[in-house]
$ cat run-v6.txt   # compact mmCIF, C-alpha atoms
# COMPACT_ATOMS: atom_id res chain seq x y z
CA MET I 133 98.70 78.33 108.21
CA SER I 134 98.41 80.63 111.24
CA TRP I 135 100.76 80.34 114.20
CA GLU I 136 97.81 79.49 116.49
CA ARG I 137 96.82 76.58 114.25
CA VAL I 138 100.39 75.30 114.09
CA ARG I 139 100.73 75.64 117.85
CA TYR I 140 97.49 73.95 118.93
CA ALA I 141 96.75 71.57 116.06
CA ARG I 142 100.27 70.39 115.22
CA LEU I 143 102.74 71.08 118.04
CA LEU I 144 100.66 70.61 121.19
CA PRO I 145 99.60 67.03 120.30
CA LEU I 146 103.30 66.21 119.95
CA ALA I 147 103.99 67.84 123.34
CA ALA I 148 101.37 65.55 124.88
CA ALA I 149 103.25 62.47 123.72
CA THR I 150 106.37 62.62 125.92
CA ARG I 151 107.91 64.93 128.51
CA ARG I 152 110.87 65.51 126.19
CA PHE I 153 108.51 66.83 123.52
CA ALA I 154 106.85 69.00 126.17
CA ASP I 155 110.23 70.57 126.93
CA ALA I 156 110.75 71.34 123.25
CA TYR I 157 107.22 72.72 122.89
CA ALA I 158 107.64 75.09 125.85
CA ALA I 159 110.98 76.40 124.59
CA LEU I 160 109.71 76.95 121.04
CA VAL I 161 106.46 78.63 122.10
CA ALA I 162 108.32 80.95 124.47
CA ALA I 163 110.73 81.99 121.71
CA VAL I 164 107.95 82.65 119.20
CA GLU I 165 105.65 84.47 121.61
CA ALA I 166 108.46 86.72 122.82
CA ARG I 167 108.91 87.93 119.24
CA ARG I 168 105.25 88.08 118.22
CA ASP I 169 104.08 90.61 120.83
CA PRO I 170 106.72 93.26 121.53
CA LEU I 171 104.24 95.48 123.40
CA ARG I 172 103.35 92.70 125.84
CA ARG I 173 107.04 91.87 126.23
CA ALA I 174 107.94 95.49 127.00
CA SER I 175 105.08 95.88 129.49
CA ALA I 176 106.04 92.69 131.33
CA GLU I 177 109.76 93.43 131.42
CA GLN I 178 109.25 97.01 132.63
CA ARG I 179 107.00 95.81 135.44
CA MET I 180 109.57 93.16 136.41
CA GLN I 181 112.20 95.87 136.61
CA ARG I 182 110.00 98.07 138.81
CA TRP I 183 108.63 95.37 141.09
CA LEU I 184 111.69 93.16 141.48
CA GLY I 185 114.49 95.66 140.89
CA LEU I 186 115.84 93.68 137.92
CA ALA I 187 118.22 94.92 135.28
CA PRO I 188 116.82 94.93 131.71
CA ASP I 189 118.73 91.80 130.66
CA ALA I 190 117.52 89.89 133.73
CA ALA I 191 113.93 90.99 133.10
CA ARG I 192 114.21 89.80 129.50
CA ARG I 193 115.35 86.37 130.63
CA LEU I 194 112.64 86.20 133.30
CA HIS I 195 109.95 87.09 130.79
CA ARG I 196 111.07 84.26 128.51
CA ARG I 197 110.86 81.85 131.46
CA CYS I 198 107.31 83.04 132.20
CA LEU I 199 106.28 82.37 128.60
CA ARG I 200 107.84 78.93 128.92
CA SER I 201 105.81 78.32 132.10
CA GLU I 202 102.55 79.18 130.30
CA ALA I 203 103.42 76.79 127.49
CA TYR I 204 104.37 74.04 129.94
CA GLU I 205 100.94 74.37 131.56
CA GLU I 206 99.33 73.60 128.20
CA ALA I 207 101.69 70.70 127.52
CA ASP I 208 101.16 69.27 131.01
CA ALA I 209 97.38 69.43 130.62
CA ALA I 210 97.54 67.84 127.18
CA TYR I 211 99.82 65.10 128.56
CA PHE I 212 97.52 64.19 131.45
CA MET I 213 94.39 64.46 129.30
CA ARG I 214 95.69 61.32 127.56
CA ARG I 215 96.51 59.38 130.73
CA PRO I 216 94.79 57.79 133.74
CA ALA I 217 94.17 59.54 137.04
CA ALA I 218 97.01 57.69 138.79
CA ASP I 219 99.60 59.55 136.72
CA LEU I 220 98.42 62.94 138.00
CA ALA I 221 98.31 61.82 141.62
CA ALA I 222 101.85 60.50 141.37
CA ALA I 223 103.07 63.80 139.91
CA PHE I 224 102.38 65.61 143.18
CA GLY I 225 104.61 65.17 146.17
CA PRO I 226 103.19 64.72 149.69
CA SER I 227 100.68 67.50 150.32
CA ALA I 228 100.12 69.36 153.58
CA ARG I 229 96.78 67.76 154.42
CA ALA I 230 96.93 69.28 157.91
CA ALA I 231 96.59 72.70 156.30
CA LEU I 232 93.33 71.66 154.62
CA ALA I 233 90.35 72.44 156.81
CA ASP I 234 87.21 70.40 157.39
CA GLU I 235 85.12 73.60 157.21
CA ALA I 236 84.05 75.43 154.05
CA VAL I 237 87.02 77.41 152.77
CA LEU I 238 87.79 79.61 149.79
CA TYR I 239 91.01 78.19 148.34
CA VAL I 240 92.58 81.08 146.44
CA GLY I 241 95.55 80.87 144.11
CA LEU I 242 97.21 82.65 141.20
CA HIS I 243 97.79 82.26 137.48
CA LEU I 244 101.08 80.66 138.41
CA GLY I 245 102.62 77.27 137.70
CA SER I 246 99.74 74.84 137.21
CA PRO I 247 96.52 76.11 138.80
CA VAL I 248 94.17 73.67 137.04
CA LEU I 249 96.18 70.55 137.87
CA GLY I 250 96.43 71.92 141.39
CA TYR I 251 92.66 72.20 141.54
CA LEU I 252 92.29 68.58 140.44
CA HIS I 253 94.78 67.51 143.09
CA LEU I 254 92.86 69.43 145.75
CA THR I 255 89.60 67.71 144.78
CA THR I 256 91.11 64.45 146.04
CA MET I 257 91.42 66.01 149.51
CA VAL I 258 88.57 68.53 149.76
CA PRO I 259 85.08 67.02 149.31
CA ALA I 260 82.79 68.78 146.79
CA LEU I 261 85.42 71.40 145.98
CA ALA I 262 84.25 73.44 142.96
CA LEU I 263 86.09 75.86 140.70
CA ILE I 264 84.83 79.27 139.60
CA ALA I 265 86.23 80.68 136.36
CA ARG I 266 85.33 82.92 133.46
CA GLY I 267 83.51 80.98 130.76
CA LEU I 268 84.57 80.46 127.15
CA ASP I 269 81.92 82.80 125.83
CA PRO I 270 82.19 85.22 122.87
CA ALA I 271 83.36 87.96 125.25
CA ASN I 272 86.46 85.84 126.02
CA PRO I 273 88.56 86.64 122.94
CA LEU I 274 90.58 83.53 122.06
CA PRO I 275 91.77 82.42 118.61
CA ASP I 276 89.70 79.46 117.41
CA PRO I 277 92.47 76.82 117.75
CA LYS I 278 93.20 77.92 121.30
CA ARG I 279 89.48 78.05 122.11
CA ARG I 280 89.04 74.44 120.94
CA PHE I 281 91.88 73.26 123.16
CA ALA I 282 90.56 75.31 126.08
CA ALA I 283 87.08 73.81 125.66
CA ALA I 284 88.51 70.27 125.62
CA LYS I 285 90.58 71.07 128.71
CA VAL I 286 87.53 72.41 130.56
CA ALA I 287 85.50 69.31 129.68
CA TRP I 288 88.34 67.03 130.83
CA THR I 289 88.80 68.96 134.09
CA GLU I 290 85.09 68.85 134.85
CA ALA I 291 84.99 65.11 134.16
CA ARG I 292 88.04 64.45 136.37
CA ALA I 293 86.67 66.63 139.18
CA GLY I 294 83.20 65.09 138.89
CA ARG I 295 81.47 68.47 138.76
CA PRO I 296 81.14 71.41 136.35
CA PHE I 297 82.84 74.77 136.72
CA PHE I 298 80.88 77.69 138.08
CA GLY I 299 80.84 80.64 135.70
CA THR I 300 80.88 84.30 136.64
CA ASP I 301 77.49 85.33 135.22
CA GLY I 302 74.50 86.19 137.40
CA GLU I 303 72.83 82.78 137.14
CA SER I 304 76.07 81.02 138.07
CA MET I 305 76.48 83.28 141.07
CA LEU I 306 73.16 82.07 142.43
CA ARG I 307 74.45 78.50 142.25
CA VAL I 308 77.74 79.59 143.87
CA ARG I 309 75.76 81.15 146.72
CA SER I 310 73.89 77.90 147.28
CA HIS I 311 77.12 75.89 147.10
CA LEU I 312 78.84 78.06 149.71
CA ARG I 313 75.86 78.26 152.05
CA SER I 314 75.64 74.47 152.09
CA GLY I 315 79.12 74.40 153.65
CA ARG I 316 81.10 73.39 150.55
CA SER I 317 84.41 74.89 149.48
CA LEU I 318 85.40 76.86 146.39
CA TYR I 319 88.62 77.28 144.40
CA LEU I 320 89.39 80.48 142.49
CA LEU I 321 92.22 82.73 141.37
CA ALA I 322 92.75 86.22 142.80
CA ASP I 323 94.79 87.82 140.00
CA VAL I 324 92.01 88.12 137.40
CA PRO I 325 92.57 91.36 135.45
CA GLY I 326 90.06 94.03 136.34
CA ASP I 327 89.43 95.00 132.73
CA THR I 328 87.92 91.56 131.94
CA VAL I 329 85.15 91.63 134.55
CA GLY I 330 82.18 93.76 135.52
CA ARG I 331 83.43 94.70 138.99
CA ALA I 332 87.05 95.58 139.68
CA GLU I 333 88.99 97.00 142.59
CA PRO I 334 92.33 98.83 142.79
CA CYS I 335 94.92 97.06 144.93
CA ARG I 336 98.64 97.44 145.41
CA LEU I 337 101.19 94.82 144.39
CA PHE I 338 104.84 95.58 145.09
CA GLY I 339 103.90 99.24 145.64
CA GLU I 340 102.06 99.66 142.33
CA ALA I 341 98.28 100.06 141.99
CA VAL I 342 96.62 97.48 139.74
CA ARG I 343 92.99 96.60 139.08
CA VAL I 344 91.75 93.08 139.80
CA ALA I 345 88.36 91.36 139.90
CA ALA I 346 86.51 92.38 143.06
CA GLY I 347 84.14 89.46 143.72
CA LEU I 348 86.16 87.48 146.26
CA PRO I 349 85.23 89.46 149.41
CA THR I 350 81.53 89.10 148.53
CA LEU I 351 81.91 85.32 148.24
CA ALA I 352 83.67 85.26 151.60
CA ARG I 353 80.83 87.19 153.23
CA ILE I 354 78.23 84.83 151.76
CA ALA I 355 80.01 81.82 153.16
CA SER I 356 81.41 83.39 156.35
CA SER I 357 84.51 81.43 155.35
CA PRO I 358 88.24 82.03 155.61
CA VAL I 359 90.54 82.26 152.61
CA GLN I 360 93.37 79.75 152.33
CA THR I 361 95.98 81.11 149.95
CA LEU I 362 98.04 78.71 147.89
CA ALA I 363 100.19 78.25 144.81
CA VAL I 364 100.88 75.24 142.62
CA THR I 365 104.39 75.23 141.22
CA ARG I 366 105.97 73.04 138.57
CA ASP I 367 109.08 71.40 140.00
CA GLY I 368 111.02 69.37 137.47
CA ARG I 369 108.65 66.70 136.16
CA GLY I 370 106.26 67.08 139.09
CA PHE I 371 104.23 69.65 140.96
CA THR I 372 104.07 71.05 144.49
CA LEU I 373 101.00 72.35 146.27
CA ARG I 374 102.21 75.19 148.51
CA MET I 375 99.99 76.60 151.24
CA GLY I 376 100.28 80.27 152.11
CA PRO I 377 98.82 82.40 154.90
CA ARG I 378 95.18 82.02 155.85
CA VAL I 379 93.02 85.17 155.90
CA ALA I 380 90.40 84.92 158.62
CA ALA I 381 86.69 85.21 157.91
CA GLY I 382 85.47 88.75 158.53
CA THR I 383 88.82 90.32 157.57
CA ILE I 384 88.87 89.38 153.88
CA THR I 385 89.59 92.18 151.42
CA MET I 386 91.27 92.03 148.03
CA PRO I 387 94.35 93.92 149.34
CA ALA I 388 94.68 91.47 152.26
CA VAL I 389 94.46 88.45 149.94
CA LEU I 390 96.95 89.86 147.43
CA ASP I 391 99.34 90.74 150.25
CA ALA I 392 99.18 87.10 151.36
CA LEU I 393 99.80 85.86 147.80
CA ALA I 394 102.55 88.34 146.84
CA PRO I 395 105.39 86.24 148.36
CA PHE I 396 104.51 83.46 145.91
CA ILE I 397 104.92 85.90 143.02
CA ARG I 398 108.32 87.01 144.31
CA ALA I 399 109.55 83.48 145.03
CA HIS I 400 108.22 81.99 141.78
CA ALA I 401 108.32 85.01 139.50
CA HIS I 402 109.27 82.83 136.53
CA GLU I 403 105.98 80.92 136.84
CA TRP I 404 103.59 83.87 137.17
CA TRP I 405 101.86 84.66 133.87
CA MET I 406 100.17 87.99 134.63
CA TRP I 407 103.07 90.43 134.45
CA ALA I 408 101.71 92.22 131.39
CA TYR I 409 98.00 91.70 131.98
CA LEU I 410 96.99 93.38 135.25
CA PRO I 411 95.85 96.90 134.27
CA SER I 412 97.38 99.79 136.13
CA ALA I 413 95.19 101.77 138.53
CA ASP I 414 97.61 104.70 138.98
$ encode --input "run-v6.txt" --output "structure tokens"
Amino acid sequence: MSWERVRYARLLPLAAATRRFADAYAALVAAVEARRDPLRRASAEQRMQRWLGLAPDAARRLHRRCLRSEAYEEADAAYFMRRPAADLAAAFGPSARAALADEAVLYVGLHLGSPVLGYLHLTTMVPALALIARGLDPANPLPDPKRRFAAAKVAWTEARAGRPFFGTDGESMLRVRSHLRSGRSLYLLADVPGDTVGRAEPCRLFGEAVRVAAGLPTLARIASSPVQTLAVTRDGRGFTLRMGPRVAAGTITMPAVLDALAPFIRAHAHEWWMWAYLPSAD
């Protein structure tokens, strides 16, 4: 039996049962994944050393914590997929509602902590908030067991939010345009690797040029909306929605947005999953 089948068909259902099992799942997955992909491990650890000035041993420990964070995100989703809405609401501490605007806003986060649960939490405060994300199409190369879990997670998230995701294809972009021009807000992530999309842009993070998806400034121009940066961190058994700087409408560029988000990466480096995945632009 493949590791992916063991992970998603056998272990993840156990992780959804109790928080103690989720802890065990995250630790085991991190240990296995660290050994299975030495090239990814080396790329991540070298970037941690360059960007954060870490020694090799510290980078190795940080990388293991990042793998654990990714696994926790799966376990957390699987846990809440089995439970009523009240459990998710209670998992978040008091949120900064004053930082949430009445106007249409692009809420922009990172692959850090728990972005999907954060989106669901935001939908309770931001009317008609919709999420834009890459679809689970054949061009999105996932092992079948992981794809099945991802599809179930998407369906659950859409049902909880009360609206479907927007994709990134041309037809979806027409619907996004209509959504934004009607004064409704959008949630998306800024650290999408540039080699997975049609349009990418070089930007600098911690002094190093990387390529990221380039669509955000276009969306901002369509809506004439500001960007509200944010991060959703996992804190013990709960989660915290953290608001970052706002980037004013008319000044939105990918470098400006990543500059606003970079302090979250530094402060919560152990919860950011993209260390090995953003392609270099140097």
$ residues_around --input "run-v6.txt" --residues "Leu242 in chain I" --least-positions-apart "4" --cutoff "9 Å" --atoms "all atoms listed in the file" --output "VMD selection string"
chain I and resid 247 320 to 324 361 to 364 393 396 to 397 404 to 406
$ atom_distance --input "run-v6.txt" --atom1 "CA of Ala223 in chain I" --atom2 "CA of Arg152 in chain I"
15.9 Å
$ closest_residue --input "run-v6.txt" --among "I:Arg378, I:Arg196, I:His311, I:Arg173" --to "Gly241 in chain I" --atoms "only C-alpha atoms"
I:Arg378
$ residues_around --input "run-v6.txt" --residues "Thr255 in chain I" --least-positions-apart "4" --cutoff "10 Å" --atoms "all atoms listed in the file" --output "PyMOL selection string"
chain I and resi 249-251+259-263+292-294+319
$ atom_distance --input "run-v6.txt" --atom1 "CA of Glu202 in chain I" --atom2 "CA of Ala159 in chain I"
10.6 Å
$ closest_residue --input "run-v6.txt" --among "I:Ala345, I:Ala162, I:Ala147, I:Ala217" --to "Arg192 in chain I" --atoms "all atoms listed in the file"
I:Ala162
$ closest_residue --input "run-v6.txt" --among "I:Lys285, I:His402, I:Arg343, I:Arg331" --to "Ala176 in chain I" --atoms "only C-alpha atoms"
I:His402
$ closest_residue --input "run-v6.txt" --among "I:Pro226, I:Pro395, I:Gly245, I:Gly382" --to "Val359 in chain I" --atoms "all atoms listed in the file"
I:Gly382
$ residues_around --input "run-v6.txt" --residues "Val329 in chain I" --least-positions-apart "4" --cutoff "9 Å" --atoms "all atoms listed in the file" --output "count of residues only"
7
$ residues_around --input "run-v6.txt" --residues "Val342 in chain I" --least-positions-apart "3" --cutoff "12 Å" --atoms "only C-alpha atoms" --output "ChimeraX atom specification"
/I:179,323-327,332-339,345-346,386-387,390,406-414
$ closest_residue --input "run-v6.txt" --among "I:Val308, I:Ala236, I:Leu268, I:Ala187" --to "Ala284 in chain I" --atoms "all atoms listed in the file"
I:Leu268
$ atom_distance --input "run-v6.txt" --atom1 "CA of His243 in chain I" --atom2 "CA of Ala148 in chain I"
21.2 Å
$ axis_aligned_box --input "run-v6.txt" --around "range 235-240 of chain I" --padding-each-side "8 Å" --output "lines of an AutoDock Vina configuration file"
center_x = 88.3
center_y = 77.3
center_z = 151.8
size_x = 24.5
size_y = 23.5
size_z = 26.8
$ closest_residue --input "run-v6.txt" --among "I:Val258, I:Thr150, I:Ala156, I:Ala401" --to "Gln181 in chain I" --atoms "all atoms listed in the file"
I:Ala401
$ residues_around --input "run-v6.txt" --residues "Gly315 in chain I" --least-positions-apart "3" --cutoff "10 Å" --atoms "only C-alpha atoms" --output "CSV table (one decimal) with C-alpha atoms, in the frame of the given file"
chain,number,residue,atom,x,y,z
I,234,ASP,CA,87.2,70.4,157.4
I,235,GLU,CA,85.1,73.6,157.2
I,236,ALA,CA,84.0,75.4,154.0
I,237,VAL,CA,87.0,77.4,152.8
I,260,ALA,CA,82.8,68.8,146.8
I,310,SER,CA,73.9,77.9,147.3
I,311,HIS,CA,77.1,75.9,147.1
I,312,LEU,CA,78.8,78.1,149.7
I,318,LEU,CA,85.4,76.9,146.4
I,355,ALA,CA,80.0,81.8,153.2
I,356,SER,CA,81.4,83.4,156.4
I,357,SER,CA,84.5,81.4,155.4
